[in-house]
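Asker: Compact mmCIF, C-alpha atoms, saved as entry-v2.txt, coming up:
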```txt
# COMPACT_ATOMS: atom_id res chain seq x y z
CA MET A 1 -20.77 38.32 -4.77
CA ASP A 2 -20.74 37.64 -8.54
CA ASN A 3 -19.34 34.50 -10.13
CA ARG A 4 -16.11 36.20 -11.16
CA GLY A 5 -15.37 37.38 -7.64
CA TYR A 6 -16.33 34.00 -6.23
CA GLY A 7 -14.07 32.20 -8.71
CA ARG A 8 -11.21 34.57 -7.97
CA LEU A 9 -11.47 33.81 -4.25
CA TRP A 10 -11.27 30.08 -4.97
CA ARG A 11 -8.24 30.55 -7.21
CA ILE A 12 -6.50 32.51 -4.46
CA PHE A 13 -7.46 29.80 -1.97
CA LEU A 14 -6.00 27.09 -4.21
CA VAL A 15 -2.77 29.05 -4.65
CA GLU A 16 -2.48 29.50 -0.89
CA ILE A 17 -3.14 25.80 -0.29
CA SER A 18 -0.51 24.92 -2.90
CA LEU A 19 2.04 27.20 -1.24
CA VAL A 20 1.31 25.69 2.18
CA LEU A 21 1.77 22.19 0.79
CA LEU A 22 4.94 23.23 -1.00
CA ILE A 23 6.37 24.71 2.21
CA PHE A 24 5.37 21.54 4.07
CA ALA A 25 7.03 19.33 1.44
CA LEU A 26 10.20 21.42 1.41
CA GLY A 27 10.28 21.46 5.21
CA ALA A 28 9.87 17.70 5.33
CA PHE A 29 12.59 17.27 2.69
CA VAL A 30 15.05 19.55 4.47
CA GLY A 31 14.25 17.97 7.84
CA ILE A 32 14.69 14.39 6.64
CA LEU A 33 17.80 15.26 4.66
CA SER A 34 19.35 17.12 7.59
CA ASN A 35 18.57 14.30 9.99
CA ASN A 36 19.93 11.73 7.53
CA ASN A 37 23.17 13.70 7.09
CA ARG A 38 23.45 14.11 10.84
CA LEU A 39 23.13 10.36 11.39
CA ILE A 40 25.71 9.60 8.71
CA GLU A 41 28.17 12.14 10.13
CA ALA A 42 27.55 10.75 13.61
CA GLU A 43 28.35 7.26 12.33
CA MET A 44 31.56 8.46 10.65
CA LEU A 45 32.54 10.31 13.82
CA SER A 46 31.92 7.18 15.89
CA HIS A 47 34.03 5.19 13.44
CA ALA A 48 36.90 7.69 13.70
CA ARG A 49 36.72 7.77 17.52
CA ALA A 50 36.95 4.00 17.60
CA HIS A 51 40.15 4.06 15.51
CA ILE A 52 41.69 6.74 17.69
CA LYS A 53 40.70 4.89 20.85
CA ASP A 54 42.39 1.71 19.60
CA ILE A 55 45.57 3.60 18.73
CA ILE A 56 45.69 5.36 22.10
CA LEU A 57 45.17 2.07 23.96
CA VAL A 58 47.99 0.44 21.98
CA ARG A 59 50.25 3.45 22.68
CA ARG A 60 49.48 3.24 26.39
CA TRP A 61 50.28 -0.46 26.37
CA ASN A 62 53.57 0.23 24.61
CA ALA A 63 54.42 3.12 26.92
CA SER A 64 53.61 1.03 30.02
CA TYR A 65 56.55 -1.20 29.11
CA GLY A 66 58.83 1.68 28.15
CA GLY A 67 58.66 0.63 24.53
CA VAL A 68 58.81 -2.78 22.90
CA TYR A 69 61.92 -4.43 21.48
CA VAL A 70 61.63 -6.36 18.24
CA GLU A 71 64.19 -8.52 16.49
CA LYS A 72 66.17 -6.48 14.02
CA ARG A 73 65.68 -8.55 10.90
CA ASP A 74 66.29 -7.52 7.30
CA GLY A 75 64.34 -4.35 6.56
CA VAL A 76 63.96 -3.37 10.22
CA VAL A 77 65.56 0.04 10.73
CA SER A 78 66.43 1.50 14.10
CA SER A 79 64.91 4.86 14.96
CA PRO A 80 67.44 7.69 14.60
CA TYR A 81 65.46 9.76 17.13
CA LEU A 82 65.97 7.36 20.03
CA LYS A 83 69.07 7.19 22.19
CA ASP A 84 70.71 3.73 21.97
CA PRO A 85 67.65 1.97 20.53
CA ASP A 86 69.48 -1.35 19.90
CA ILE A 87 70.41 -4.13 22.32
CA THR A 88 72.08 -7.50 21.78
CA SER A 89 71.02 -10.65 23.56
CA THR A 90 73.46 -13.16 25.07
CA SER A 91 72.79 -15.34 22.03
CA GLY A 92 73.91 -12.54 19.74
CA VAL A 93 70.47 -11.55 18.42
CA VAL A 94 70.04 -7.77 17.93
CA TYR A 95 66.77 -6.12 19.05
CA THR A 96 65.68 -2.53 18.36
CA LEU A 97 63.29 -0.40 20.40
CA LYS A 98 59.86 0.51 19.05
CA ASN A 99 58.47 3.37 21.12
CA PRO A 100 54.80 4.41 20.99
CA ALA A 101 55.32 7.00 18.23
CA LEU A 102 57.27 4.64 15.99
CA MET A 103 54.83 1.79 16.55
CA THR A 104 51.90 4.11 15.72
CA ARG A 105 53.52 5.19 12.47
CA GLU A 106 54.23 1.63 11.40
CA LEU A 107 50.68 0.54 12.25
CA SER A 108 49.39 3.44 10.18
CA GLU A 109 51.51 2.37 7.21
CA ILE A 110 50.08 -1.14 7.41
CA ALA A 111 46.50 0.15 7.67
CA GLU A 112 47.06 2.53 4.78
CA LYS A 113 48.34 -0.29 2.56
CA GLU A 114 45.21 -2.26 3.40
CA GLY A 115 43.16 0.77 2.32
CA ASP A 116 41.46 1.16 5.68
CA TYR A 117 42.63 4.41 7.26
CA HIS A 118 45.62 6.64 7.90
CA ILE A 119 46.93 7.59 11.34
CA HIS A 120 49.21 10.55 11.86
CA LEU A 121 50.95 11.73 15.01
CA THR A 122 51.88 15.37 14.97
CA SER A 123 53.12 18.12 17.25
CA ARG A 124 54.13 21.77 17.22
CA LYS A 125 57.48 20.72 18.79
CA LEU A 126 58.92 18.20 16.39
CA ARG A 127 61.68 15.68 16.68
CA ASN A 128 60.69 13.65 13.65
CA PRO A 129 60.02 15.68 10.49
CA HIS A 130 57.64 12.90 9.43
CA ASN A 131 55.27 14.21 12.08
CA THR A 132 55.05 17.70 10.61
CA PRO A 133 51.39 18.87 10.77
CA ASP A 134 49.57 19.90 7.63
CA PRO A 135 47.55 23.18 7.66
CA TRP A 136 44.39 21.51 8.95
CA GLU A 137 46.30 19.76 11.72
CA LYS A 138 48.03 23.04 12.68
CA ASN A 139 44.64 24.67 13.21
CA ALA A 140 43.49 21.66 15.20
CA LEU A 141 46.55 21.86 17.47
CA LEU A 142 45.83 25.55 18.12
CA ALA A 143 42.25 24.64 18.96
CA PHE A 144 43.42 21.99 21.45
CA GLU A 145 45.48 24.58 23.29
CA ILE A 146 42.35 26.63 24.02
CA GLY A 147 40.46 23.65 25.38
CA ILE A 148 38.71 22.11 22.37
CA LYS A 149 38.57 18.33 22.78
CA GLU A 150 38.18 17.14 19.20
CA VAL A 151 37.87 18.43 15.63
CA SER A 152 36.55 16.80 12.48
CA THR A 153 35.92 17.73 8.86
CA ILE A 154 35.09 16.32 5.44
CA VAL A 155 37.64 17.05 2.73
CA THR A 156 36.97 16.55 -0.99
CA THR A 157 39.90 16.32 -3.38
CA GLY A 158 40.39 15.16 -6.93
CA SER A 159 40.98 11.61 -5.74
CA GLY A 160 37.90 11.39 -3.59
CA THR A 161 36.40 12.42 -0.25
CA GLN A 162 37.92 11.84 3.18
CA PHE A 163 36.68 12.17 6.73
CA ARG A 164 39.33 13.61 9.06
CA TYR A 165 39.24 13.48 12.83
CA MET A 166 41.81 14.58 15.40
CA VAL A 167 42.16 14.57 19.20
CA PRO A 168 44.88 16.00 21.42
CA LEU A 169 47.65 13.92 22.97
CA LEU A 170 48.24 14.92 26.57
CA VAL A 171 51.54 14.48 28.36
CA GLU A 172 51.42 11.57 30.78
CA GLN A 173 54.04 10.66 33.37
CA LYS A 174 55.55 7.95 31.19
CA CYS A 175 55.87 10.41 28.28
CA LEU A 176 58.28 12.60 30.27
CA GLU A 177 61.01 9.96 30.01
CA CYS A 178 61.44 10.93 26.35
CA HIS A 179 59.99 14.43 26.14
CA GLU A 180 60.88 16.14 29.42
CA ASP A 181 63.79 17.90 27.71
CA GLN A 182 61.23 19.67 25.44
CA GLY A 183 59.79 21.53 28.43
CA TYR A 184 56.56 19.56 28.73
CA LYS A 185 54.76 19.00 31.99
CA GLU A 186 52.21 16.34 32.80
CA GLY A 187 48.78 17.31 31.38
CA ASP A 188 50.17 19.58 28.63
CA VAL A 189 49.04 19.20 25.04
CA ARG A 190 52.04 17.54 23.47
CA GLY A 191 50.48 17.11 20.07
CA GLY A 192 47.65 15.32 18.42
CA VAL A 193 46.72 12.12 16.69
CA SER A 194 44.59 12.28 13.57
CA VAL A 195 42.81 9.63 11.59
CA SER A 196 41.51 9.92 8.05
CA PHE A 197 39.63 7.42 5.93
CA ASP A 198 38.02 7.39 2.53
CA ILE A 199 34.26 8.08 2.42
CA THR A 200 33.88 8.50 -1.34
CA HIS A 201 31.51 5.54 -1.51
CA ILE A 202 29.52 6.95 1.40
CA GLN A 203 29.23 10.33 -0.34
CA LYS A 204 27.93 8.58 -3.47
CA GLU A 205 25.34 6.79 -1.38
CA ILE A 206 24.41 10.11 0.24
CA GLU A 207 23.93 11.67 -3.20
CA GLN A 208 21.82 8.73 -4.34
CA ASN A 209 19.82 8.92 -1.14
CA ARG A 210 19.34 12.68 -1.64
CA LEU A 211 18.15 12.11 -5.22
CA LEU A 212 15.75 9.40 -4.06
CA LEU A 213 14.50 11.68 -1.31
CA ILE A 214 13.90 14.48 -3.82
CA VAL A 215 11.93 12.13 -6.07
CA LEU A 216 9.88 10.82 -3.15
CA THR A 217 9.23 14.36 -1.91
CA VAL A 218 8.06 15.48 -5.36
CA VAL A 219 5.83 12.41 -5.71
CA LEU A 220 4.44 12.96 -2.21
CA PHE A 221 3.83 16.63 -2.96
CA VAL A 222 2.05 15.85 -6.24
CA LEU A 223 -0.09 13.13 -4.65
CA LEU A 224 -0.92 15.30 -1.67
CA LEU A 225 -1.68 18.24 -3.94
CA GLY A 226 -3.91 16.02 -6.07
CA VAL A 227 -5.82 14.78 -3.03
CA VAL A 228 -6.24 18.31 -1.69
CA TYR A 229 -7.31 19.61 -5.12
CA LEU A 230 -9.87 16.81 -5.37
CA PHE A 231 -11.17 17.61 -1.90
CA VAL A 232 -11.23 21.35 -2.62
CA SER A 233 -12.93 20.74 -5.96
CA LYS A 234 -15.72 18.77 -4.29
CA LEU A 235 -15.96 21.37 -1.55
CA HIS A 236 -16.10 24.10 -4.20
CA GLN A 237 -18.86 22.26 -6.04
CA ARG A 238 -20.92 21.79 -2.89
CA LEU A 239 -20.42 25.38 -1.79
CA SER A 240 -21.31 26.59 -5.27
CA GLU A 241 -24.49 24.56 -5.17
CA ALA A 242 -25.27 25.89 -1.70
CA LEU A 243 -24.52 29.45 -2.83
CA THR A 244 -26.75 29.00 -5.88
CA LYS A 245 -29.49 27.68 -3.64
CA LEU A 246 -29.07 30.61 -1.26
CA ASN A 247 -29.15 33.04 -4.16
CA GLU A 248 -32.33 31.42 -5.43
CA MET A 249 -33.86 31.60 -1.98
CA ALA A 250 -32.84 35.25 -1.69
CA THR A 251 -34.16 36.24 -5.12
CA THR A 252 -37.05 33.84 -5.74
CA ASP A 253 -40.60 33.79 -4.46
CA ALA A 254 -41.00 30.38 -2.83
CA LEU A 255 -44.64 29.90 -3.87
CA THR A 256 -44.61 30.87 -7.55
CA GLY A 257 -40.97 30.32 -8.46
CA LEU A 258 -40.85 33.86 -9.88
CA SER A 259 -38.45 36.55 -8.78
CA ASN A 260 -39.35 38.20 -5.52
CA ARG A 261 -40.12 41.88 -5.18
CA ARG A 262 -36.69 42.89 -3.89
CA HIS A 263 -34.87 41.14 -6.72
CA PHE A 264 -37.26 42.64 -9.23
CA PHE A 265 -36.50 46.19 -8.08
CA ASN A 266 -32.74 45.53 -8.25
CA GLN A 267 -33.03 44.16 -11.77
CA MET A 268 -35.35 46.94 -12.81
CA ALA A 269 -32.89 49.59 -11.67
CA SER A 270 -30.18 47.91 -13.75
CA GLU A 271 -32.40 47.69 -16.82
CA VAL A 272 -33.47 51.35 -16.52
CA ASN A 273 -29.84 52.42 -16.34
CA ARG A 274 -29.07 50.30 -19.38
CA HIS A 275 -32.09 51.81 -21.14
CA ARG A 276 -30.73 55.30 -20.47
CA ARG A 277 -27.19 54.46 -21.66
CA HIS A 278 -28.15 52.66 -24.85
CA LYS A 279 -31.42 54.49 -25.68
CA ARG A 280 -33.36 51.21 -25.95
CA ASP A 281 -37.07 50.71 -25.37
CA LEU A 282 -38.19 49.26 -22.05
CA SER A 283 -41.70 48.03 -21.16
CA CYS A 284 -43.47 46.79 -18.07
CA ILE A 285 -46.57 44.60 -17.72
CA PHE A 286 -48.47 44.69 -14.46
CA MET A 287 -51.13 42.05 -13.90
CA ASP A 288 -53.64 41.48 -11.11
CA LEU A 289 -55.74 38.31 -10.88
CA ASP A 290 -59.45 39.09 -10.91
CA HIS A 291 -61.52 38.19 -7.84
CA PHE A 292 -58.66 36.33 -6.18
CA LYS A 293 -60.01 37.03 -2.69
CA LYS A 294 -63.17 35.17 -3.68
CA ILE A 295 -61.09 32.12 -4.60
CA ASN A 296 -59.51 32.09 -1.15
CA ASP A 297 -62.82 32.64 0.57
CA GLU A 298 -64.80 29.99 -1.37
CA HIS A 299 -62.15 27.30 -1.98
CA GLY A 300 -59.58 27.92 0.73
CA HIS A 301 -56.04 29.22 0.81
CA ALA A 302 -54.61 25.91 -0.41
CA THR A 303 -56.50 26.38 -3.67
CA GLY A 304 -55.38 29.99 -3.75
CA ASP A 305 -51.74 28.86 -3.42
CA ALA A 306 -52.21 26.25 -6.14
CA THR A 307 -53.67 28.97 -8.36
CA LEU A 308 -50.68 31.23 -7.82
CA ARG A 309 -48.28 28.35 -8.55
CA SER A 310 -50.09 27.67 -11.84
CA VAL A 311 -49.89 31.34 -12.79
CA GLY A 312 -46.18 31.41 -11.94
CA GLN A 313 -45.62 28.33 -14.09
CA LEU A 314 -47.43 29.96 -17.01
CA LEU A 315 -45.37 33.15 -16.76
CA ARG A 316 -42.06 31.23 -16.54
CA LYS A 317 -43.06 29.24 -19.61
CA ARG A 318 -44.27 32.14 -21.77
CA CYS A 319 -41.73 34.84 -20.90
CA ARG A 320 -38.37 35.21 -22.65
CA THR A 321 -35.08 34.43 -20.92
CA GLU A 322 -34.19 38.11 -20.74
CA ASP A 323 -37.59 39.09 -19.29
CA ILE A 324 -37.89 39.54 -15.53
CA CYS A 325 -41.04 37.98 -14.10
CA ALA A 326 -41.79 38.63 -10.43
CA ARG A 327 -44.49 38.28 -7.85
CA TYR A 328 -45.12 41.84 -6.80
CA GLY A 329 -47.35 41.00 -3.89
CA GLY A 330 -50.39 38.83 -3.16
CA GLU A 331 -52.03 38.09 -6.51
CA GLU A 332 -50.11 40.83 -8.36
CA MET A 333 -47.44 39.88 -10.91
CA VAL A 334 -45.11 42.12 -12.86
CA ILE A 335 -43.04 41.52 -15.98
CA LEU A 336 -40.19 43.73 -17.17
CA LEU A 337 -39.41 43.42 -20.89
CA PRO A 338 -36.01 44.88 -21.93
CA GLU A 339 -35.66 46.26 -25.46
CA THR A 340 -39.39 45.92 -26.03
CA ALA A 341 -41.58 48.68 -27.46
CA GLN A 342 -45.07 49.40 -26.20
CA ALA A 343 -46.88 47.69 -29.12
CA LYS A 344 -44.95 44.45 -28.62
CA ALA A 345 -45.51 44.57 -24.85
CA GLN A 346 -49.24 44.96 -25.49
CA GLU A 347 -49.17 41.83 -27.69
CA VAL A 348 -47.40 39.88 -24.94
CA ALA A 349 -49.93 41.01 -22.34
CA GLU A 350 -52.84 40.06 -24.58
CA ASP A 351 -51.33 36.64 -25.23
CA LEU A 352 -50.89 36.07 -21.49
CA ARG A 353 -54.46 37.18 -20.84
CA GLN A 354 -55.77 34.63 -23.34
CA GLN A 355 -53.49 31.85 -22.02
CA LEU A 356 -54.65 32.59 -18.49
CA ALA A 357 -58.30 32.55 -19.47
CA GLU A 358 -57.85 29.14 -21.11
CA MET A 359 -56.07 27.69 -18.10
CA ALA A 360 -58.03 25.43 -15.76
CA VAL A 361 -56.97 24.96 -12.15
CA PRO A 362 -58.27 21.68 -10.64
CA LEU A 363 -60.25 21.99 -7.43
CA PRO A 364 -59.85 19.57 -4.50
CA THR A 365 -63.61 18.92 -4.49
CA GLY A 366 -63.66 18.18 -8.19
CA GLY A 367 -64.13 20.37 -11.20
CA THR A 368 -61.86 23.16 -12.34
CA LEU A 369 -61.38 26.82 -11.70
CA HIS A 370 -61.00 29.32 -14.53
CA LEU A 371 -59.07 32.55 -14.08
CA THR A 372 -58.96 36.01 -15.55
CA ALA A 373 -56.64 38.91 -14.89
CA SER A 374 -56.40 42.62 -15.56
CA PHE A 375 -53.25 43.85 -17.32
CA GLY A 376 -51.60 47.26 -17.43
CA VAL A 377 -48.80 48.05 -19.91
CA ALA A 378 -46.38 50.97 -19.68
CA SER A 379 -43.28 51.73 -21.73
CA LEU A 380 -40.23 53.96 -21.87
CA SER A 381 -39.18 54.89 -25.35
CA GLY A 382 -35.56 55.11 -26.33
CA ASP A 383 -35.55 58.87 -25.75
CA SER A 384 -36.47 59.14 -22.09
CA SER A 385 -33.12 59.89 -20.49
CA ARG A 386 -34.42 63.08 -18.92
CA TRP A 387 -36.71 61.09 -16.62
CA SER A 388 -34.96 61.20 -13.27
CA THR A 389 -37.35 58.66 -11.71
CA ALA A 390 -37.92 56.38 -14.68
CA SER A 391 -38.26 53.20 -12.57
CA ASP A 392 -40.95 54.61 -10.31
CA ASP A 393 -42.72 56.25 -13.24
CA LEU A 394 -42.76 53.10 -15.37
CA LEU A 395 -44.15 50.90 -12.60
CA SER A 396 -46.61 53.55 -11.43
CA ARG A 397 -48.07 54.04 -14.91
CA ALA A 398 -48.43 50.27 -15.39
CA ASP A 399 -50.18 50.02 -12.01
CA GLN A 400 -52.56 52.84 -12.91
CA ALA A 401 -53.35 51.09 -16.18
CA VAL A 402 -54.36 47.98 -14.20
CA TYR A 403 -56.80 50.04 -12.14
CA ARG A 404 -58.34 51.37 -15.34
CA ALA A 405 -58.61 47.81 -16.66
CA LYS A 406 -60.54 46.80 -13.55
CA ASP A 407 -62.76 49.86 -13.81
CA GLN A 408 -63.52 48.92 -17.41
CA GLY A 409 -64.72 45.43 -16.45
CA ARG A 410 -61.56 43.36 -15.77
CA ASN A 411 -60.06 40.62 -18.00
CA ARG A 412 -58.53 43.10 -20.37
CA VAL A 413 -55.26 44.86 -21.28
CA VAL A 414 -54.98 48.62 -20.83
CA VAL A 415 -52.01 50.60 -22.13
CA ALA A 416 -50.77 53.51 -20.09
CA GLU A 417 -50.32 56.92 -21.60
CA GLU A 418 -47.04 57.57 -23.38
CA ASN A 419 -44.30 59.12 -21.28
CA PRO A 420 -43.72 62.84 -21.93
CA GLY A 421 -41.14 63.76 -24.52
```
As structure tokens, how would this structure be written, given the file I've shared?
Answerer:
Amino acid sequence: MDNRGYGRLWRIFLVEISLVLLIFALGAFVGILSNNNRLIEAEMLSHARAHIKDIILVRRWNASYGGVYVEKRDGVVSSPYLKDPDITSTSGVVYTLKNPALMTRELSEIAEKEGDYHIHLTSRKLRNPHNTPDPWEKNALLAFEIGIKEVSTIVTTGSGTQFRYMVPLLVEQKCLECHEDQGYKEGDVRGGVSVSFDITHIQKEIEQNRLLLIVLTVVLFVLLLGVVYLFVSKLHQRLSEALTKLNEMATTDALTGLSNRRHFFNQMASEVNRHRRHKRDLSCIFMDLDHFKKINDEHGHATGDATLRSVGQLLRKRCRTEDICARYGGEEMVILLPETAQAKAQEVAEDLRQQLAEMAVPLPTGGTLHLTASFGVASLSGDSSRWSTASDDLLSRADQAVYRAKDQGRNRVVVAEENPG
């Protein structure tokens, strides 16, 4: 895989990691926000239930005594919906009856003045127009008749936000004393009692909490993304280094540090194709160390390996960046010179021959070893596109030139015959 393809895979991987982290952050945000809202709504519902429970207990207490009489002072008005609500004591003091409904309404008025909550008794069969249900309460009453036990909602108006809660009022035995004429039976849904209280401040806190949660989620996402990017970057660097090392191992001869034979052939095929497209010269130098077997036999394979390493070092040092230097096999080396004519390739080969002859390889037993090599040079001129097997031909002609160099006495450069055409 080339560097562009490798980099593209990493970019895709980073995008995928980012999307996973984004989904995780959004999921965490939605989950925490939903759970937070659920807890707040549960608290408001518990608060409303407590109010309703208190009212119902007070109503039951009142109903258990058949209503409560209070002194009819200034401002105390008798209920017009009760039959003979007033009584006079033997001392001449007048008392008026406060039944559960009237007491509930008056308690609600007090609570509303204090700014706490509002209680409303309502029914579909009215005696007191004050108890007329609003649209939301009408729907709640219909829901109670099909078995629903409670309803709640949050209502936002221009003046603020309210939480509304309502439960059904069931007919009890003591209720029939006043409402039997309306056709009720014990256990029927006679109406409902609703409570509402202001939660504007709670909604503001919820909004602030939501904003804080968004900020924390974004910060967490950025920090987590940064940590992951740092980790991925280090992983990418290590994998790149490992991949580079693997590529070197796959393309490099371990002993000489030159390209191996397989890599050489791949590069040569590419250069020949480029030579055909652009009509550029291409040359090849084939070299074979003279009497290398004798070195191994007389001084050992360790010295032979050291000799090959020294030759590889010389070639890497003297060849151009664009040249392809490879160990062809054993003591044979090959150099491919792109955009190089035959005359220039011959000069390069001669220079290498002289450098090699001047090189001294130290021996383990003391002293030095001097080397020579036979060189063969072959070239493809810019006009050789009709050669269908240019790679094989170029290498074969260079190899044949090496054999002629050996036949002529070794330690020399021989140029192959020009290619036809």
Asker: Neighbours of Leu142 in chain A within 10 Å (all atoms listed in the file; same-chain residues fewer than 4 positions away dropped), as a compact mmCIF listing (two decimals) with C-alpha atoms, keeping the file's coordinate frame?
Answerer:
```
# COMPACT_ATOMS: atom_id res chain seq x y z
CA ARG A 124 54.13 21.77 17.22
CA GLU A 137 46.30 19.76 11.72
CA LYS A 138 48.03 23.04 12.68
CA ILE A 146 42.35 26.63 24.02
CA GLY A 147 40.46 23.65 25.38
CA ILE A 148 38.71 22.11 22.37
CA VAL A 189 49.04 19.20 25.04
CA GLY A 191 50.48 17.11 20.07
```
Asker: Which neighbours of range 274-291 of chain A fall inside 6 Å, counting all atoms listed in the file, when residues of the same chain fewer than 6 positions from it are skipped, and could you give them as a list in words?
Answerer: Glu331, Glu332, Met333, Val334, Ile335, Leu336, Leu337, Pro338, Glu339, Thr340, Ala341, Thr372, Ala373, Ser374, Phe375, Gly376, Val377, Ala378, Ser379, Leu380, Ser381, Gly382, Ser385 and Ala398 of chain A
Asker: Residues of the last selection are to be written out with C-alpha atoms, as a compact mmCIF listing (two decimals), in the coordinates of the input.
Answerer:
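Output (again_24.txt):
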```txt
# COMPACT_ATOMS: atom_id res chain seq x y z
CA GLU A 331 -52.03 38.09 -6.51
CA GLU A 332 -50.11 40.83 -8.36
CA MET A 333 -47.44 39.88 -10.91
CA VAL A 334 -45.11 42.12 -12.86
CA ILE A 335 -43.04 41.52 -15.98
CA LEU A 336 -40.19 43.73 -17.17
CA LEU A 337 -39.41 43.42 -20.89
CA PRO A 338 -36.01 44.88 -21.93
CA GLU A 339 -35.66 46.26 -25.46
CA THR A 340 -39.39 45.92 -26.03
CA ALA A 341 -41.58 48.68 -27.46
CA THR A 372 -58.96 36.01 -15.55
CA ALA A 373 -56.64 38.91 -14.89
CA SER A 374 -56.40 42.62 -15.56
CA PHE A 375 -53.25 43.85 -17.32
CA GLY A 376 -51.60 47.26 -17.43
CA VAL A 377 -48.80 48.05 -19.91
CA ALA A 378 -46.38 50.97 -19.68
CA SER A 379 -43.28 51.73 -21.73
CA LEU A 380 -40.23 53.96 -21.87
CA SER A 381 -39.18 54.89 -25.35
CA GLY A 382 -35.56 55.11 -26.33
CA SER A 385 -33.12 59.89 -20.49
CA ALA A 398 -48.43 50.27 -15.39
```
Asker: Point out the residue among A:Ala405, A:Leu258, A:Ala250, A:Leu308 with the least atom-to-atom distance to Ile324 in chain A, counting all atoms listed in the file.
Answerer: A:Leu258
Asker: Using all atoms listed in the file, which residue out of A:Asn209, A:Thr256, A:Ser159, A:Thr251 lies closest to Asn37 in chain A?
Answerer: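 Answer, going by the shortest atom-to-atom distance: A:Asn209.
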Asker: So how far away is CA of Arg397 in chain A from CA of Val415 in chain A, in Å?
Answerer: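 Between CA of Val415 in chain A and CA of Arg397 in chain A the gap works out to 8.9 Å.
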Asker: Just the number, please: distance in Å from CA of Thr96 in chain A to CA of Tyr69 in chain A, one decimal.
Answerer: 5.2 Å
Asker: For a cutoff of 7 Å around the file-coordinate point (69.1, -2.2, 17.6), which residues qualify once you count only C-alpha atoms? I'd like the result as JSON, numbers by chain.
Answerer: {"A": [72, 78, 85, 86, 87, 94, 95, 96, 97]}
Asker: Counting only C-alpha atoms, figure out which residue out of A:Ser18, A:Thr104, A:Thr88, A:Asn35 gets nearest to Ile56 in chain A.
Answerer: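 So, comparing all the options, the nearest one is A:Thr104.
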Asker: Would you mind listing what lies within 12 Å of Leu14 in chain A as a PyMOL selection string, with all atoms listed in the file counted and same-chain residues fewer than 5 positions away left out?
Answerer: chain A and resi 7-9+19-21+225-226+228-233+235-236
Asker: Between CA of Gly115 in chain A and CA of Leu39 in chain A, measure the distance and give it in Å to one decimal.
Answerer: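 Interatomic distance, CA of Gly115 in chain A to CA of Leu39 in chain A: 24.0 Å.
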Asker: Mind rebuilding range 391-404 of chain A with N, CA and C atoms and writing that out as an mmCIF file, in the coordinates of the input?
Answerer:
```cif
data_model
loop_
_atom_site.group_PDB
_atom_site.id
_atom_site.type_symbol
_atom_site.label_atom_id
_atom_site.label_comp_id
_atom_site.auth_asym_id
_atom_site.auth_seq_id
_atom_site.Cartn_x
_atom_site.Cartn_y
_atom_site.Cartn_z
ATOM 1 N N SER A 391 -37.792 54.467 -13.142
ATOM 2 C CA SER A 391 -38.260 53.200 -12.570
ATOM 3 C C SER A 391 -39.604 53.382 -11.897
ATOM 4 N N ASP A 392 -39.685 54.364 -11.015
ATOM 5 C CA ASP A 392 -40.950 54.610 -10.310
ATOM 6 C C ASP A 392 -42.055 54.982 -11.287
ATOM 7 N N ASP A 393 -41.722 55.796 -12.276
ATOM 8 C CA ASP A 393 -42.720 56.250 -13.240
ATOM 9 C C ASP A 393 -43.266 55.077 -14.056
ATOM 10 N N LEU A 394 -42.348 54.222 -14.519
ATOM 11 C CA LEU A 394 -42.760 53.100 -15.370
ATOM 12 C C LEU A 394 -43.707 52.171 -14.604
ATOM 13 N N LEU A 395 -43.329 51.818 -13.401
ATOM 14 C CA LEU A 395 -44.150 50.900 -12.600
ATOM 15 C C LEU A 395 -45.471 51.559 -12.197
ATOM 16 N N SER A 396 -45.402 52.843 -11.855
ATOM 17 C CA SER A 396 -46.610 53.550 -11.430
ATOM 18 C C SER A 396 -47.618 53.644 -12.576
ATOM 19 N N ARG A 397 -47.150 53.924 -13.774
ATOM 20 C CA ARG A 397 -48.070 54.040 -14.910
ATOM 21 C C ARG A 397 -48.698 52.693 -15.261
ATOM 22 N N ALA A 398 -47.886 51.600 -15.138
ATOM 23 C CA ALA A 398 -48.430 50.270 -15.390
ATOM 24 C C ALA A 398 -49.487 49.915 -14.348
ATOM 25 N N ASP A 399 -49.225 50.292 -13.090
ATOM 26 C CA ASP A 399 -50.180 50.020 -12.010
ATOM 27 C C ASP A 399 -51.488 50.796 -12.243
ATOM 28 N N GLN A 400 -51.363 52.041 -12.636
ATOM 29 C CA GLN A 400 -52.560 52.840 -12.910
ATOM 30 C C GLN A 400 -53.371 52.265 -14.066
ATOM 31 N N ALA A 401 -52.657 51.700 -15.039
ATOM 32 C CA ALA A 401 -53.350 51.090 -16.180
ATOM 33 C C ALA A 401 -54.153 49.871 -15.728
ATOM 34 N N VAL A 402 -53.622 49.129 -14.736
ATOM 35 C CA VAL A 402 -54.360 47.980 -14.200
ATOM 36 C C VAL A 402 -55.657 48.436 -13.548
ATOM 37 N N TYR A 403 -55.582 49.526 -12.775
ATOM 38 C CA TYR A 403 -56.800 50.040 -12.140
ATOM 39 C C TYR A 403 -57.845 50.433 -13.183
ATOM 40 N N ARG A 404 -57.393 51.008 -14.283
ATOM 41 C CA ARG A 404 -58.340 51.370 -15.340
ATOM 42 C C ARG A 404 -58.953 50.123 -15.976
#
```
